[in-house]
Amino acid sequence: MYMLALESARKCLWIANPYFIPSGAFIELLDRACRRGVEIKLMVAGKHNDTWWARENSVRLYGSLLGAGVEVYEFEPAMLHHKTMIVDGLWATIGTTNFDNRSFALSNETNVCLVDRGVVHQLERIFNHDLTRCKQIDRASWRRRKLRFKVQEMVAALIEDQV
């Protein structure tokens with residue numbers, strides 16, 4: 001479902017997910033969508049995250065995502081825990097699925113997919129409101145992060161599939 005949504009997007013793709021650790025295949029789909037001209041906004045949990053390993057693995061991948069053209073936002077006030085995706089203002093999914101290999105392959109997750117302009121519009125308003133409480137990550141500052149953070153990310157990568 002997630003792969004199909006990424007492949008189908010033509011205008012915009014908005015994702016809110018606290019544990020965003022996409023596989024190489026998903027990063028390639030996001031890259032292809034950006035090259036098609038799709039606006040991709042990704043909202044993830046920021047410093048308030050209940051899983052250190054997941055956060056470090058997510059931050060480690062920002063470079064690939066930003067390089068592809070994905071806009072990355074970290075939610076600042078508290079732990080972001082909702083999992084939504086909106087495609088082209090027409091389709092959305094809400095559920096328990098984290099955007100990582102563990103959720104896709106091992107966990108029992110449940111999502112609702114819907115085509116309802118009213119509900120999708122309401123989800124867009126919520127997403128936009130939440131963006132006002134985020135810090136946008138830019139590629140230059142991500143590259144300048146301290147060595148200790150890069151080392152933490154490399155350590156976290158050792159157990160990426162377990163997160």
# chains A, B, ... in the order shown; residues from 1 in each chain; ligands from 1
call {"tool": "select_by_dssp", "arguments": {"residues": "stretch 8-154 of chain A", "states": "strand (DSSP E)", "output": "number ranges by chain"}}
result
A: 12-16, 20-21, 39-45, 71-75, 84-87, 91-95, 99-100, 111-114, 134-137
call {"tool": "write_last_selection", "arguments": {"atoms": "N, CA and C atoms", "output": "short mmCIF file (atom, residue, chain, number, x, y, z; two decimals), in the first residue's frame"}}
result
data_model
loop_
_atom_site.label_atom_id
_atom_site.label_comp_id
_atom_site.auth_asym_id
_atom_site.auth_seq_id
_atom_site.Cartn_x
_atom_site.Cartn_y
_atom_site.Cartn_z
N CYS A 12 1.49 15.96 -4.59
CA CYS A 12 2.06 16.12 -3.25
C CYS A 12 1.90 14.83 -2.45
N LEU A 13 2.84 14.65 -1.57
CA LEU A 13 2.88 13.48 -0.69
C LEU A 13 3.32 13.99 0.67
N TRP A 14 2.43 13.92 1.64
CA TRP A 14 2.74 14.39 2.99
C TRP A 14 2.71 13.19 3.93
N ILE A 15 3.79 13.01 4.66
CA ILE A 15 3.93 11.87 5.55
C ILE A 15 4.24 12.38 6.95
N ALA A 16 3.51 11.89 7.93
CA ALA A 16 3.82 12.13 9.34
C ALA A 16 4.03 10.76 9.97
N PHE A 20 10.66 6.91 11.13
CA PHE A 20 10.81 6.92 9.68
C PHE A 20 12.19 6.39 9.32
N ILE A 21 12.24 5.10 8.98
CA ILE A 21 13.50 4.45 8.62
C ILE A 21 13.24 3.66 7.34
N GLU A 39 5.75 17.24 -4.60
CA GLU A 39 6.19 17.90 -3.38
C GLU A 39 6.07 16.89 -2.23
N ILE A 40 7.18 16.59 -1.58
CA ILE A 40 7.15 15.63 -0.48
C ILE A 40 7.55 16.34 0.80
N LYS A 41 6.63 16.29 1.77
CA LYS A 41 6.89 16.83 3.10
C LYS A 41 6.86 15.67 4.07
N LEU A 42 7.90 15.55 4.85
CA LEU A 42 8.03 14.48 5.83
C LEU A 42 8.13 15.10 7.22
N MET A 43 7.20 14.72 8.09
CA MET A 43 7.22 15.18 9.47
C MET A 43 7.55 13.99 10.38
N VAL A 44 8.59 14.15 11.17
CA VAL A 44 9.04 13.06 12.04
C VAL A 44 9.16 13.57 13.47
N ALA A 45 9.30 12.64 14.39
CA ALA A 45 9.55 13.00 15.78
C ALA A 45 10.93 13.65 15.87
N GLU A 71 11.36 17.44 1.74
CA GLU A 71 11.41 18.42 2.82
C GLU A 71 11.23 17.66 4.13
N VAL A 72 12.18 17.83 5.06
CA VAL A 72 12.15 17.11 6.33
C VAL A 72 11.88 18.10 7.47
N TYR A 73 10.91 17.76 8.30
CA TYR A 73 10.52 18.60 9.44
C TYR A 73 10.53 17.74 10.70
N GLU A 74 11.10 18.28 11.76
CA GLU A 74 11.06 17.60 13.06
C GLU A 74 10.08 18.32 13.97
N PHE A 75 9.14 17.55 14.51
CA PHE A 75 8.13 18.08 15.42
C PHE A 75 8.81 18.40 16.74
N THR A 84 0.32 9.17 9.53
CA THR A 84 -0.60 9.51 8.44
C THR A 84 0.19 9.71 7.15
N MET A 85 -0.49 9.53 6.05
CA MET A 85 0.08 9.84 4.75
C MET A 85 -1.06 10.36 3.88
N ILE A 86 -0.79 11.47 3.19
CA ILE A 86 -1.77 12.09 2.31
C ILE A 86 -1.16 12.16 0.92
N VAL A 87 -1.91 11.73 -0.07
CA VAL A 87 -1.43 11.72 -1.45
C VAL A 87 -2.35 12.60 -2.31
N TRP A 91 -6.30 11.11 -1.31
CA TRP A 91 -6.25 9.80 -0.66
C TRP A 91 -5.42 9.93 0.61
N ALA A 92 -5.76 9.18 1.62
CA ALA A 92 -4.99 9.22 2.87
C ALA A 92 -5.03 7.86 3.55
N THR A 93 -4.07 7.67 4.40
CA THR A 93 -4.06 6.50 5.29
C THR A 93 -3.71 6.97 6.70
N ILE A 94 -4.36 6.35 7.66
CA ILE A 94 -4.13 6.61 9.08
C ILE A 94 -4.04 5.25 9.75
N GLY A 95 -3.09 5.09 10.64
CA GLY A 95 -3.03 3.80 11.32
C GLY A 95 -1.87 3.67 12.27
N PHE A 99 6.96 3.71 9.53
CA PHE A 99 7.57 3.65 8.21
C PHE A 99 8.96 3.04 8.35
N ASP A 100 8.99 1.74 8.65
CA ASP A 100 10.26 1.04 8.79
C ASP A 100 10.07 -0.43 8.42
N ASN A 111 -4.08 -0.15 9.33
CA ASN A 111 -4.28 1.17 8.75
C ASN A 111 -5.65 1.23 8.08
N VAL A 112 -6.19 2.42 8.03
CA VAL A 112 -7.40 2.69 7.28
C VAL A 112 -6.99 3.56 6.10
N CYS A 113 -7.40 3.17 4.93
CA CYS A 113 -7.14 3.97 3.73
C CYS A 113 -8.47 4.57 3.30
N LEU A 114 -8.45 5.83 2.86
CA LEU A 114 -9.71 6.45 2.50
C LEU A 114 -9.58 7.41 1.34
N CYS A 134 7.12 22.73 13.90
CA CYS A 134 8.27 21.92 13.50
C CYS A 134 9.47 22.80 13.17
N LYS A 135 10.61 22.17 13.19
CA LYS A 135 11.84 22.79 12.71
C LYS A 135 12.19 22.09 11.39
N GLN A 136 12.35 22.88 10.33
CA GLN A 136 12.74 22.29 9.06
C GLN A 136 14.23 22.01 9.07
N ILE A 137 14.59 20.83 8.57
CA ILE A 137 15.99 20.42 8.50
C ILE A 137 16.49 20.74 7.09
#
call {"tool": "select_by_dssp", "arguments": {"residues": "stretch 19-131 of chain A", "states": "alpha helix (DSSP H)", "output": "tab-separated table (two decimals) with C-alpha atoms, in the first residue's frame"}}
result
chain	number	residue	atom	x	y	z
A	24	GLY	CA	16.71	1.72	0.06
A	25	ALA	CA	13.75	0.76	-2.13
A	26	PHE	CA	11.52	3.34	-0.42
A	27	ILE	CA	14.21	6.02	-0.66
A	28	GLU	CA	14.40	5.30	-4.39
A	29	LEU	CA	10.60	5.65	-4.68
A	30	LEU	CA	10.74	8.98	-2.86
A	31	ASP	CA	13.58	10.11	-5.11
A	32	ARG	CA	11.62	9.16	-8.23
A	33	ALA	CA	8.55	10.97	-6.94
A	34	CYS	CA	10.61	14.14	-6.38
A	35	ARG	CA	12.01	13.86	-9.91
A	52	TRP	CA	16.88	6.51	20.64
A	53	TRP	CA	17.79	3.85	18.07
A	54	ALA	CA	14.92	4.78	15.78
A	55	ARG	CA	15.70	8.48	16.00
A	56	GLU	CA	19.38	7.98	15.16
A	57	ASN	CA	18.56	5.72	12.23
A	58	SER	CA	16.08	8.25	10.92
A	59	VAL	CA	18.49	11.19	11.20
A	60	ARG	CA	21.18	9.12	9.49
A	62	TYR	CA	18.16	12.65	6.18
A	63	GLY	CA	21.03	13.24	3.75
A	64	SER	CA	19.60	10.86	1.14
A	65	LEU	CA	16.10	12.24	1.61
A	66	LEU	CA	17.14	15.89	1.47
A	67	GLY	CA	19.36	15.18	-1.52
A	68	ALA	CA	16.37	13.72	-3.34
A	101	ASN	CA	11.13	-2.52	7.80
A	102	ARG	CA	9.99	-3.97	11.12
A	103	SER	CA	6.45	-2.61	10.76
A	104	PHE	CA	6.22	-3.60	7.12
A	105	ALA	CA	7.54	-7.14	7.59
A	117	ARG	CA	-12.10	14.78	0.18
A	118	GLY	CA	-13.61	16.12	3.41
A	119	VAL	CA	-11.55	13.90	5.69
A	120	VAL	CA	-8.42	14.30	3.55
A	121	HIS	CA	-8.84	18.10	3.67
A	122	GLN	CA	-9.15	17.96	7.46
A	123	LEU	CA	-5.97	15.84	7.65
A	124	GLU	CA	-4.21	18.42	5.47
A	125	ARG	CA	-5.25	21.21	7.85
A	126	ILE	CA	-3.93	19.22	10.82
A	127	PHE	CA	-0.67	18.50	8.99
A	128	ASN	CA	-0.22	22.18	8.11
A	129	HIS	CA	-0.96	23.23	11.70
A	130	ASP	CA	1.58	20.71	12.99
A	131	LEU	CA	4.17	22.05	10.52
call {"tool": "closest_residue", "arguments": {"among": "A:Arg133, A:Ala140, A:Asp88, A:Asn49", "to": "A:Ala9", "atoms": "only C-alpha atoms"}}
result
A:Asp88
call {"tool": "atom_distance", "arguments": {"atom1": "atom CA of A:Thr96", "atom2": "atom CA of A:Arg10"}}
result
25.0 Å
call {"tool": "closest_residue", "arguments": {"among": "A:Asp138, A:Val115, A:Arg143, A:Leu80", "to": "A:Asn17", "atoms": "only C-alpha atoms"}}
result
A:Leu80
call {"tool": "atom_distance", "arguments": {"atom1": "atom CA of A:His81", "atom2": "atom CA of A:Leu61"}}
result
19.1 Å
